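Content type mmCIF, C-alpha atoms and all ligand atoms, from the file upload.cif:
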```cif
data_final
loop_
_atom_site.label_atom_id
_atom_site.label_comp_id
_atom_site.auth_asym_id
_atom_site.auth_seq_id
_atom_site.Cartn_x
_atom_site.Cartn_y
_atom_site.Cartn_z
CA MET A 73 79.14 126.99 131.75
CA GLY A 74 79.16 124.87 134.86
CA THR A 75 78.61 126.44 138.27
CA GLY A 76 81.69 128.13 139.63
CA VAL A 77 83.40 128.48 136.23
CA ILE A 78 84.12 132.10 135.47
CA VAL A 79 82.96 133.11 132.00
CA LYS A 80 85.73 134.81 130.01
CA VAL A 81 84.39 137.59 127.83
CA LEU A 82 86.20 139.50 125.10
CA VAL A 83 84.92 143.02 124.39
CA THR A 84 86.39 144.57 121.23
CA GLY A 85 86.11 148.34 121.24
CA GLY A 86 85.94 148.09 125.03
CA ALA A 87 87.72 151.40 125.59
CA GLY A 88 85.02 153.27 123.68
CA PHE A 89 81.87 154.93 124.93
CA ILE A 90 79.51 151.92 124.86
CA GLY A 91 82.23 149.28 125.24
CA SER A 92 83.52 150.72 128.52
CA HIS A 93 80.02 150.66 130.04
CA LEU A 94 79.61 147.08 128.83
CA CYS A 95 82.92 146.12 130.51
CA ASP A 96 81.63 147.69 133.76
CA LEU A 97 78.37 145.73 133.58
CA LEU A 98 80.06 142.40 132.76
CA LEU A 99 82.49 142.83 135.66
CA ARG A 100 79.55 143.58 137.99
CA GLN A 101 77.99 140.34 136.72
CA GLY A 102 81.10 138.42 137.80
CA ARG A 103 82.70 137.89 134.39
CA GLN A 104 86.38 137.87 133.53
CA VAL A 105 86.74 140.64 130.92
CA ILE A 106 89.36 141.08 128.21
CA CYS A 107 89.07 144.46 126.53
CA ALA A 108 90.73 144.77 123.10
CA ASP A 109 91.01 148.22 121.58
CA ASN A 110 93.41 150.22 119.42
CA PHE A 111 92.39 153.58 120.99
CA SER A 112 91.52 155.02 117.59
CA THR A 113 88.37 156.71 118.92
CA GLY A 114 88.29 155.29 122.46
CA SER A 115 90.55 156.29 125.31
CA GLU A 116 92.53 154.99 128.24
CA GLU A 117 90.52 157.40 130.39
CA ASN A 118 87.32 155.39 129.77
CA ILE A 119 88.82 152.28 131.38
CA ARG A 120 91.28 153.83 133.85
CA HIS A 121 88.98 152.97 136.77
CA LEU A 122 89.31 149.27 135.82
CA SER A 123 93.10 149.08 135.92
CA GLY A 124 94.12 146.98 138.88
CA ASN A 125 90.88 144.98 138.77
CA PRO A 126 92.09 141.34 138.75
CA HIS A 127 89.14 140.34 136.55
CA PHE A 128 89.97 142.91 133.88
CA GLU A 129 92.66 142.73 131.24
CA PHE A 130 93.44 145.23 128.50
CA LEU A 131 94.96 144.29 125.14
CA LYS A 132 96.04 147.04 122.77
CA HIS A 133 94.97 145.37 119.58
CA ASP A 134 93.65 146.26 116.15
CA VAL A 135 90.82 143.89 115.20
CA THR A 136 91.83 143.97 111.54
CA VAL A 137 94.66 141.69 112.71
CA PRO A 138 93.74 138.14 113.84
CA LEU A 139 93.66 137.62 117.61
CA GLU A 140 94.30 134.47 119.64
CA VAL A 141 92.85 134.49 123.15
CA GLU A 142 90.82 132.04 125.19
CA THR A 143 87.28 133.27 125.44
CA ASP A 144 83.73 132.00 125.98
CA GLU A 145 81.88 135.04 124.65
CA ILE A 146 82.81 137.85 122.27
CA PHE A 147 81.08 141.23 122.04
CA ASN A 148 82.31 142.82 118.80
CA LEU A 149 82.03 146.59 119.16
CA ALA A 150 85.29 147.81 117.63
CA CYS A 151 84.45 150.44 115.02
CA PRO A 152 84.39 154.22 114.87
CA ALA A 153 80.73 155.15 115.30
CA SER A 154 80.19 158.84 114.82
CA PRO A 155 79.95 160.35 111.31
CA VAL A 156 82.75 162.84 112.10
CA HIS A 157 85.06 159.99 113.10
CA TYR A 158 84.27 157.45 110.41
CA GLN A 159 84.22 160.00 107.58
CA ARG A 160 87.76 161.01 108.55
CA ILE A 161 88.95 157.40 108.07
CA PRO A 162 86.39 155.82 105.71
CA ILE A 163 88.57 153.05 104.28
CA GLU A 164 89.87 152.02 107.71
CA THR A 165 86.24 152.02 108.90
CA THR A 166 85.14 149.53 106.24
CA ARG A 167 88.26 147.47 106.90
CA THR A 168 87.50 147.41 110.63
CA CYS A 169 83.88 146.38 110.02
CA VAL A 170 84.73 143.61 107.56
CA TYR A 171 88.15 142.26 108.60
CA GLY A 172 87.27 142.83 112.24
CA ALA A 173 84.13 140.72 111.84
CA ILE A 174 86.02 137.95 109.98
CA ASN A 175 88.81 137.85 112.57
CA MET A 176 86.43 137.76 115.52
CA LEU A 177 84.21 135.15 113.83
CA ASP A 178 87.31 133.00 113.19
CA LEU A 179 88.28 133.44 116.84
CA ALA A 180 84.76 132.39 117.89
CA CYS A 181 85.03 129.27 115.72
CA ALA A 182 88.48 128.44 117.09
CA SER A 183 87.54 128.94 120.74
CA GLY A 184 83.94 127.68 120.63
CA ALA A 185 82.69 131.08 121.80
CA ARG A 186 79.35 132.77 121.29
CA ILE A 187 79.69 136.04 119.44
CA LEU A 188 77.55 139.17 119.39
CA GLN A 189 77.81 141.85 116.73
CA ALA A 190 77.11 145.49 117.60
CA SER A 191 75.26 146.39 114.43
CA THR A 192 73.39 149.61 113.90
CA SER A 193 70.16 151.28 112.86
CA GLU A 194 72.27 152.70 110.01
CA VAL A 195 71.70 149.39 108.18
CA TYR A 196 68.22 150.85 107.54
CA GLY A 197 69.76 153.99 105.96
CA ASP A 198 67.27 156.79 105.36
CA PRO A 199 64.26 154.58 106.11
CA GLU A 200 61.08 154.50 104.04
CA VAL A 201 59.38 152.41 106.75
CA HIS A 202 58.58 153.99 110.08
CA PRO A 203 59.15 152.86 112.80
CA GLN A 204 61.79 150.39 111.65
CA THR A 205 61.26 146.69 112.30
CA GLU A 206 63.97 144.06 111.88
CA ALA A 207 62.18 142.80 108.75
CA TYR A 208 62.93 146.04 106.87
CA TRP A 209 65.86 145.65 104.44
CA GLY A 210 66.80 149.31 104.44
CA HIS A 211 67.39 152.24 102.11
CA VAL A 212 71.12 152.87 102.06
CA ASN A 213 73.13 154.95 99.59
CA PRO A 214 75.97 152.56 98.64
CA ILE A 215 78.32 155.33 97.43
CA GLY A 216 77.74 158.27 99.77
CA PRO A 217 79.78 159.69 102.65
CA ARG A 218 78.03 157.43 105.18
CA SER A 219 78.45 154.25 103.08
CA CYS A 220 81.78 153.18 104.61
CA TYR A 221 79.96 152.69 107.91
CA ASP A 222 76.49 151.65 106.73
CA GLU A 223 77.74 149.16 104.14
CA GLY A 224 80.58 147.98 106.39
CA LYS A 225 78.04 147.13 109.09
CA ARG A 226 75.70 145.49 106.57
CA CYS A 227 78.59 143.35 105.30
CA ALA A 228 79.47 142.40 108.89
CA GLU A 229 75.89 141.21 109.42
CA ALA A 230 76.10 139.16 106.21
CA LEU A 231 79.34 137.57 107.46
CA PHE A 232 77.79 136.71 110.82
CA PHE A 233 74.90 134.91 109.11
CA ASP A 234 77.21 133.13 106.62
CA TYR A 235 79.38 131.83 109.47
CA ARG A 236 76.19 130.71 111.19
CA ARG A 237 75.01 128.85 108.08
CA ARG A 238 78.45 127.33 107.45
CA SER A 239 79.59 126.46 110.96
CA LYS A 240 76.41 126.61 113.13
CA LEU A 241 78.21 129.29 115.12
CA PRO A 242 76.13 130.72 118.02
CA ILE A 243 75.88 134.28 116.72
CA LYS A 244 73.82 137.22 118.00
CA VAL A 245 73.18 140.46 116.14
CA VAL A 246 71.79 143.60 117.76
CA ARG A 247 70.97 146.74 115.81
CA ILE A 248 71.73 149.65 118.08
CA PHE A 249 69.88 152.94 117.68
CA ASN A 250 71.28 156.32 118.77
CA THR A 251 72.78 155.95 122.22
CA TYR A 252 74.02 158.63 124.60
CA GLY A 253 75.47 158.99 128.07
CA PRO A 254 78.64 159.66 130.06
CA ARG A 255 81.95 158.91 128.25
CA MET A 256 80.70 160.08 124.88
CA HIS A 257 83.59 161.81 123.20
CA PRO A 258 83.25 165.61 123.57
CA SER A 259 84.31 166.24 119.97
CA ASP A 260 82.78 163.28 118.16
CA GLY A 261 80.28 165.59 116.46
CA ARG A 262 77.27 163.59 117.60
CA VAL A 263 74.20 165.60 118.31
CA VAL A 264 73.93 164.93 122.07
CA SER A 265 77.59 165.60 122.83
CA ASN A 266 77.66 168.64 120.50
CA PHE A 267 74.56 170.26 122.03
CA ILE A 268 75.67 169.68 125.63
CA VAL A 269 79.22 170.92 125.06
CA GLN A 270 77.94 173.94 123.13
CA ALA A 271 75.42 174.78 125.87
CA LEU A 272 78.04 174.41 128.62
CA ARG A 273 80.33 176.81 126.75
CA ASN A 274 77.50 179.24 125.89
CA ASP A 275 78.31 178.65 122.22
CA PRO A 276 75.59 178.54 119.54
CA ILE A 277 73.64 175.25 119.37
CA THR A 278 74.15 174.01 115.81
CA ILE A 279 71.02 172.47 114.31
CA TYR A 280 71.61 170.95 110.88
CA GLY A 281 68.57 171.53 108.67
CA ASP A 282 65.40 173.04 110.14
CA GLY A 283 65.38 170.78 113.22
CA SER A 284 62.28 168.83 112.17
CA HIS A 285 64.19 165.57 111.53
CA THR A 286 64.00 163.01 114.31
CA ARG A 287 66.02 160.51 116.29
CA SER A 288 65.20 158.25 119.26
CA PHE A 289 67.82 158.29 121.99
CA CYS A 290 68.63 155.41 124.31
CA TYR A 291 70.57 155.85 127.56
CA VAL A 292 73.75 153.76 127.60
CA ASP A 293 72.85 151.79 130.78
CA ASP A 294 69.65 150.55 129.12
CA LEU A 295 71.56 149.60 126.00
CA VAL A 296 74.29 147.52 127.66
CA ASP A 297 71.67 145.76 129.77
CA ALA A 298 69.95 144.66 126.55
CA MET A 299 73.25 143.55 124.99
CA ALA A 300 74.05 141.33 127.99
CA ARG A 301 70.51 139.88 127.87
CA MET A 302 70.90 139.16 124.16
CA MET A 303 74.13 137.24 124.76
CA ALA A 304 72.30 135.10 127.34
CA THR A 305 69.52 134.00 124.95
CA PRO A 306 69.41 130.36 123.72
CA ASP A 307 71.72 129.40 120.82
CA ASP A 308 68.86 129.18 118.33
CA PHE A 309 67.97 132.85 118.83
CA VAL A 310 70.28 134.97 116.70
CA GLY A 311 68.38 138.15 115.89
CA PRO A 312 68.83 140.69 114.46
CA VAL A 313 67.15 142.57 117.28
CA ASN A 314 66.61 146.33 117.44
CA ILE A 315 67.83 147.92 120.67
CA GLY A 316 66.85 151.49 121.32
CA ASN A 317 64.43 153.79 123.03
CA PRO A 318 61.34 154.35 120.88
CA ALA A 319 60.70 157.82 122.39
CA GLU A 320 61.25 159.87 119.24
CA VAL A 321 62.11 163.57 119.35
CA THR A 322 62.88 166.19 116.75
CA ILE A 323 66.37 167.64 116.83
CA LEU A 324 64.84 171.02 117.73
CA GLU A 325 63.09 169.44 120.75
CA LEU A 326 66.39 167.89 121.79
CA ALA A 327 68.12 171.29 121.59
CA GLU A 328 65.42 172.84 123.78
CA LEU A 329 65.66 170.00 126.31
CA VAL A 330 69.44 170.40 126.59
CA LEU A 331 69.14 174.18 126.93
CA GLY A 332 66.52 173.70 129.64
CA ILE A 333 68.85 171.43 131.64
CA VAL A 334 72.11 173.34 131.15
CA GLY A 335 70.75 176.88 131.24
CA GLY A 336 73.23 179.42 129.90
CA THR A 337 72.98 181.89 127.07
CA SER A 338 73.38 179.76 123.93
CA LYS A 339 71.28 180.68 120.91
CA ILE A 340 70.14 178.20 118.28
CA GLU A 341 71.94 178.43 114.92
CA PHE A 342 70.67 176.61 111.80
CA LYS A 343 73.22 175.05 109.43
CA PRO A 344 72.88 172.96 106.24
CA LEU A 345 71.79 169.34 106.67
CA PRO A 346 74.64 166.93 105.76
CA GLN A 347 74.28 164.68 102.69
CA ASP A 348 72.29 161.45 103.23
CA ASP A 349 71.30 162.45 106.77
CA PRO A 350 68.33 160.18 107.64
CA ARG A 351 65.13 162.25 108.10
CA GLN A 352 63.65 160.13 110.82
CA ARG A 353 64.51 157.16 112.95
CA GLN A 354 62.58 155.21 115.56
CA PRO A 355 63.05 151.59 116.55
CA ASP A 356 60.25 149.10 116.75
CA ILE A 357 61.40 147.20 119.85
CA GLY A 358 58.62 144.62 119.99
CA LEU A 359 61.09 141.79 119.41
CA ALA A 360 63.48 142.99 122.15
CA ARG A 361 60.58 143.33 124.59
CA SER A 362 59.33 139.81 123.96
CA THR A 363 62.62 137.93 123.61
CA LEU A 364 64.85 139.79 126.07
CA ASP A 365 62.15 140.76 128.57
CA TRP A 366 63.65 144.23 128.24
CA SER A 367 62.52 147.76 127.68
CA PRO A 368 64.34 151.04 128.27
CA ARG A 369 63.91 152.51 131.76
CA VAL A 370 65.74 155.83 131.61
CA ALA A 371 63.73 158.80 130.34
CA LEU A 372 65.52 161.24 128.03
CA GLN A 373 65.29 164.11 130.54
CA ASP A 374 67.00 161.98 133.25
CA GLY A 375 69.64 160.51 130.97
CA LEU A 376 70.49 163.93 129.60
CA GLY A 377 70.83 165.18 133.19
CA GLU A 378 73.45 162.47 133.91
CA THR A 379 75.24 163.21 130.66
CA VAL A 380 75.31 166.95 131.38
CA ARG A 381 76.84 166.21 134.81
CA TYR A 382 79.55 164.15 133.11
CA PHE A 383 80.41 166.83 130.54
CA ARG A 384 80.28 169.59 133.16
CA ARG A 385 82.95 167.75 135.16
CA LEU A 386 84.99 167.08 132.02
CA ILE A 387 84.88 170.64 130.75
CA ASN A 388 84.79 172.74 133.91
CA GLY A 389 86.34 170.26 136.29
CA ASN A 390 83.29 170.49 138.61
P1 LIG B 1 83.33 154.59 120.14
O1 LIG B 1 84.04 155.23 118.98
O2 LIG B 1 83.30 155.32 121.43
O3 LIG B 1 83.89 153.13 120.40
C1 LIG B 1 84.45 152.33 119.40
C2 LIG B 1 85.71 151.71 119.97
O4 LIG B 1 86.29 150.85 118.99
C3 LIG B 1 86.79 152.75 120.32
O5 LIG B 1 87.28 152.52 121.61
C4 LIG B 1 87.86 152.55 119.25
O6 LIG B 1 89.15 152.90 119.72
C5 LIG B 1 87.70 151.08 118.96
N1 LIG B 1 88.17 150.70 117.62
C6 LIG B 1 87.88 151.29 116.44
N2 LIG B 1 88.52 150.64 115.44
C7 LIG B 1 89.21 149.63 116.02
C8 LIG B 1 90.06 148.61 115.51
N3 LIG B 1 90.32 148.50 114.20
N4 LIG B 1 90.59 147.73 116.39
C9 LIG B 1 90.34 147.82 117.71
N5 LIG B 1 89.56 148.77 118.25
C10 LIG B 1 89.00 149.66 117.41
O7 LIG B 1 81.85 154.28 119.63
P2 LIG B 1 80.58 153.73 120.43
O8 LIG B 1 79.52 154.73 120.31
O9 LIG B 1 80.98 153.23 121.76
O10 LIG B 1 80.18 152.49 119.50
C11 LIG B 1 80.49 151.16 119.85
C12 LIG B 1 79.85 150.21 118.84
O11 LIG B 1 78.43 150.38 118.86
C13 LIG B 1 80.30 150.45 117.41
O12 LIG B 1 80.46 149.21 116.76
C14 LIG B 1 79.15 151.20 116.80
O13 LIG B 1 79.06 150.97 115.41
C15 LIG B 1 77.97 150.62 117.56
N6 LIG B 1 76.84 151.57 117.57
C16 LIG B 1 76.89 152.71 118.32
C17 LIG B 1 75.81 153.60 118.30
C18 LIG B 1 75.78 154.86 119.13
O14 LIG B 1 74.78 155.59 119.11
N7 LIG B 1 76.80 155.18 119.90
C19 LIG B 1 74.70 153.32 117.49
C20 LIG B 1 74.71 152.16 116.72
C21 LIG B 1 75.78 151.28 116.77
N1 LIG B 2 72.95 167.10 114.23
C1 LIG B 2 72.65 168.45 114.41
N2 LIG B 2 73.60 169.22 115.02
C2 LIG B 2 74.79 168.75 115.43
C3 LIG B 2 75.09 167.37 115.27
C4 LIG B 2 74.13 166.57 114.63
O1 LIG B 2 71.57 168.92 114.05
O2 LIG B 2 75.58 169.54 115.99
C5 LIG B 2 71.91 166.24 113.61
C6 LIG B 2 72.41 165.34 112.48
O3 LIG B 2 72.37 166.04 111.25
C7 LIG B 2 71.43 164.20 112.55
C8 LIG B 2 71.07 164.09 114.04
O4 LIG B 2 71.44 165.34 114.62
O5 LIG B 2 70.24 164.54 111.85
C9 LIG B 2 71.81 162.97 114.75
O6 LIG B 2 73.17 163.08 114.44
P1 LIG B 2 74.27 162.11 115.04
O7 LIG B 2 75.54 162.37 114.30
O8 LIG B 2 74.29 162.22 116.52
O9 LIG B 2 73.74 160.64 114.72
P2 LIG B 2 73.29 159.91 113.36
O10 LIG B 2 73.09 160.92 112.28
O11 LIG B 2 74.40 158.98 113.07
O12 LIG B 2 72.02 159.29 113.75
#
```

Translate this file's structure into structure tokens.
Ligand code: NAD
Ligand code: UDP
Amino acid sequence: MGTGVIVKVLVTGGAGFIGSHLCDLLLRQGRQVICADNFSTGSEENIRHLSGNPHFEFLKHDVTVPLEVETDEIFNLACPASPVHYQRIPIETTRTCVYGAINMLDLACASGARILQASTSEVYGDPEVHPQTEAYWGHVNPIGPRSCYDEGKRCAEALFFDYRRRSKLPIKVVRIFNTYGPRMHPSDGRVVSNFIVQALRNDPITIYGDGSHTRSFCYVDDLVDAMARMMATPDDFVGPVNIGNPAEVTILELAELVLGIVGGTSKIEFKPLPQDDPRQRQPDIGLARSTLDWSPRVALQDGLGETVRYFRRLINGN
């Protein structure tokens, strides 16, 4: 892009949790942003503050249908992301992953745009390698209740690399690990939103299994910063690159942290672990550190504090 030319960026899934924060960041960086979303799991509320911004445009659009817009860069985020959401609409989820990827890759070819895929740590499945590096091919159940998402995202990665091989398309693939922060959906069933909402309502904190399984949680501001940095890398750098916070905690530790921040009278309640629930997950972010000059800045305690403030306002109106 020459000096003074405004870069036009398309964000699919831009009305979702991560997508809306990415739209905010891109606008702060002086981009013209087109947000395309069908509101299946996202909401108008997440982007209401952007209406009236002359650099922001919203398109109600389903990515399984081809799209024609002028764009220089595409961030492809459209996809339900929480197990509760995608298991409710498994076939639509695979369709969104696969047709959505094809349609956005075709758009990138037609418009000469760079395109970034929001892939996921779920491509590693229930990993046998710990922490997970990008070289690990994964351990995914192809026929289980998580397969629509895991295999859909794996297929999308395959498509990105085939388009690259066929058309030399400037692709970028990031594998996002568990992310949390304001604008998570209060009933998406994800562990951070569940625990915070339960604690704020003094309801039991539901731990699935014995709480010894682990996740590594990245604050959303850190994540979108890395995504923007990835898009800005030279054309010959395509990834995949892990993006996440390597600080790994057990689910029991997370419950105790949330209870410590919220206070209240919630008790911990143990429930059965869902099928195919990965036992542990921690990103190796060596590649992101060296290629993006990036590492997460927000500690879990601080990020949870911000997220609790958001949910407190949402639930109690204060
Ligand atoms: P989200 O559900 O809040 O956002 C997804 C957005 O995509 C929603 O606004 C939804 O309405 C939209 N969408 C879904 N299907 C669509 C379709 N067919 N056409 C147009 N829009 C559609 O989820 P999120 O947590 O913000 O996740 C965003 C992306 O990041 C997803 O691709 C997800 O797979 C990926 N990701 C998220 C996490 C995480 O921890 N949140 C981890 C790994 C990967
Ligand atoms: N989990 C839990 N209680 C809940 C929600 C989730 O113990 O109320 C567990 C879940 O079984 C998983 C972990 O927390 O082991 C993270 O779940 P989430 O759905 O947030 O993300 P994912 O499993 O996709 O990493």

Distance filter 6 Å around ligand LIG 1 (chain B), atoms: all atoms listed in the file, out as a PDB file with C-alpha atoms, keeping the file's coordinate frame:
```pdb
ATOM      1  CA  GLY A  85      86.110 148.340 121.240  1.00  0.00           C
ATOM      2  CA  GLY A  86      85.940 148.090 125.030  1.00  0.00           C
ATOM      3  CA  ALA A  87      87.720 151.400 125.590  1.00  0.00           C
ATOM      4  CA  GLY A  88      85.020 153.270 123.680  1.00  0.00           C
ATOM      5  CA  PHE A  89      81.870 154.930 124.930  1.00  0.00           C
ATOM      6  CA  ILE A  90      79.510 151.920 124.860  1.00  0.00           C
ATOM      7  CA  GLY A  91      82.230 149.280 125.240  1.00  0.00           C
ATOM      8  CA  ASP A 109      91.010 148.220 121.580  1.00  0.00           C
ATOM      9  CA  ASN A 110      93.410 150.220 119.420  1.00  0.00           C
ATOM     10  CA  PHE A 111      92.390 153.580 120.990  1.00  0.00           C
ATOM     11  CA  SER A 112      91.520 155.020 117.590  1.00  0.00           C
ATOM     12  CA  THR A 113      88.370 156.710 118.920  1.00  0.00           C
ATOM     13  CA  GLY A 114      88.290 155.290 122.460  1.00  0.00           C
ATOM     14  CA  HIS A 133      94.970 145.370 119.580  1.00  0.00           C
ATOM     15  CA  ASP A 134      93.650 146.260 116.150  1.00  0.00           C
ATOM     16  CA  VAL A 135      90.820 143.890 115.200  1.00  0.00           C
ATOM     17  CA  THR A 136      91.830 143.970 111.540  1.00  0.00           C
ATOM     18  CA  LEU A 149      82.030 146.590 119.160  1.00  0.00           C
ATOM     19  CA  ALA A 150      85.290 147.810 117.630  1.00  0.00           C
ATOM     20  CA  CYS A 151      84.450 150.440 115.020  1.00  0.00           C
ATOM     21  CA  PRO A 152      84.390 154.220 114.870  1.00  0.00           C
ATOM     22  CA  ALA A 153      80.730 155.150 115.300  1.00  0.00           C
ATOM     23  CA  THR A 168      87.500 147.410 110.630  1.00  0.00           C
ATOM     24  CA  ALA A 190      77.110 145.490 117.600  1.00  0.00           C
ATOM     25  CA  SER A 191      75.260 146.390 114.430  1.00  0.00           C
ATOM     26  CA  THR A 192      73.390 149.610 113.900  1.00  0.00           C
ATOM     27  CA  ILE A 248      71.730 149.650 118.080  1.00  0.00           C
ATOM     28  CA  PHE A 249      69.880 152.940 117.680  1.00  0.00           C
ATOM     29  CA  ASN A 250      71.280 156.320 118.770  1.00  0.00           C
ATOM     30  CA  THR A 251      72.780 155.950 122.220  1.00  0.00           C
TER      31      THR A 251
END
```

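The shortest atom-to-atom distance to Leu98 (chain A), with all atoms listed in the file taken into account, belongs to A:Val81 out of A:Ile146, A:Val81, A:Cys181, A:Ala327.
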
Shell around region 284-288 of chain A at 6 Å using only C-alpha atoms, local window under 3 positions removed, as a ChimeraX atom specification:
/A:317-323,351-354

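Closest approach to Cys107 (chain A) from the set A:Thr166, A:Gln373, A:Ser92, A:Thr305 is made by A:Ser92, with distances taken over only C-alpha atoms.
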
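Distances to ligand LIG 2 (chain B) were evaluated for A:Ile268, A:Ile187, A:Ala173, A:Val370 using all atoms listed in the file, and the minimum falls at A:Ile268.
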
Would you mind listing the residues within 7 Å of ligand LIG 2 (chain B), counting only C-alpha atoms and all ligand atoms, as a compact mmCIF listing (two decimals) with C-alpha atoms, keeping the file's coordinate frame?
```
# COMPACT_ATOMS: atom_id res chain seq x y z
CA SER A 154 80.19 158.84 114.82
CA PRO A 155 79.95 160.35 111.31
CA ASN A 250 71.28 156.32 118.77
CA GLY A 261 80.28 165.59 116.46
CA ARG A 262 77.27 163.59 117.60
CA VAL A 263 74.20 165.60 118.31
CA VAL A 264 73.93 164.93 122.07
CA ASN A 266 77.66 168.64 120.50
CA PHE A 267 74.56 170.26 122.03
CA ILE A 277 73.64 175.25 119.37
CA THR A 278 74.15 174.01 115.81
CA ILE A 279 71.02 172.47 114.31
CA TYR A 280 71.61 170.95 110.88
CA GLY A 281 68.57 171.53 108.67
CA GLY A 283 65.38 170.78 113.22
CA HIS A 285 64.19 165.57 111.53
CA THR A 286 64.00 163.01 114.31
CA ARG A 287 66.02 160.51 116.29
CA ILE A 323 66.37 167.64 116.83
CA LEU A 345 71.79 169.34 106.67
CA PRO A 346 74.64 166.93 105.76
CA ASP A 349 71.30 162.45 106.77
CA PRO A 350 68.33 160.18 107.64
CA ARG A 351 65.13 162.25 108.10
```

Restricting the calculation to only C-alpha atoms, which member of A:His202, A:Lys244, A:Arg385, A:Arg273 is positioned closest to Arg301 (chain A)?
A:Lys244

Do you know which residues are at most 8 Å from Pro276 (chain A) counting all atoms listed in the file, after dropping those on the same chain fewer than 6 positions away, and could you put them as a ChimeraX atom specification?
/A:270,338-341

Please write the residues from the selection above to a file, keeping C-alpha atoms, as a PDB file, in the frame of the given file.
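As written to disk, part04.pdb reads:
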```pdb
ATOM      1  CA  GLN A 270      77.940 173.940 123.130  1.00  0.00           C
ATOM      2  CA  SER A 338      73.380 179.760 123.930  1.00  0.00           C
ATOM      3  CA  LYS A 339      71.280 180.680 120.910  1.00  0.00           C
ATOM      4  CA  ILE A 340      70.140 178.200 118.280  1.00  0.00           C
ATOM      5  CA  GLU A 341      71.940 178.430 114.920  1.00  0.00           C
TER       6      GLU A 341
END
```

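Pairwise distance (CA of Lys225 (chain A), CA of His211 (chain A)) equals 13.7 Å.
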
Hey, which of A:Asn148, A:Ser219, A:Asn274, A:Ser362 ends up closest to Pro162 (chain A)? Count all atoms listed in the file.
A:Ser219

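Residue nearest Thr379 (chain A), chosen from A:Asn314, A:Asn175, A:Ser265, A:Thr337 and counting all atoms listed in the file: A:Ser265.
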
Near Ser183 (chain A), within 9 Å and counting only C-alpha atoms, which residues show up once chain neighbours fewer than 3 positions away are dropped, as a list in words?
Glu140, Val141, Glu142, Thr143, Asp144, Asp178, Leu179 and Ala180 of chain A
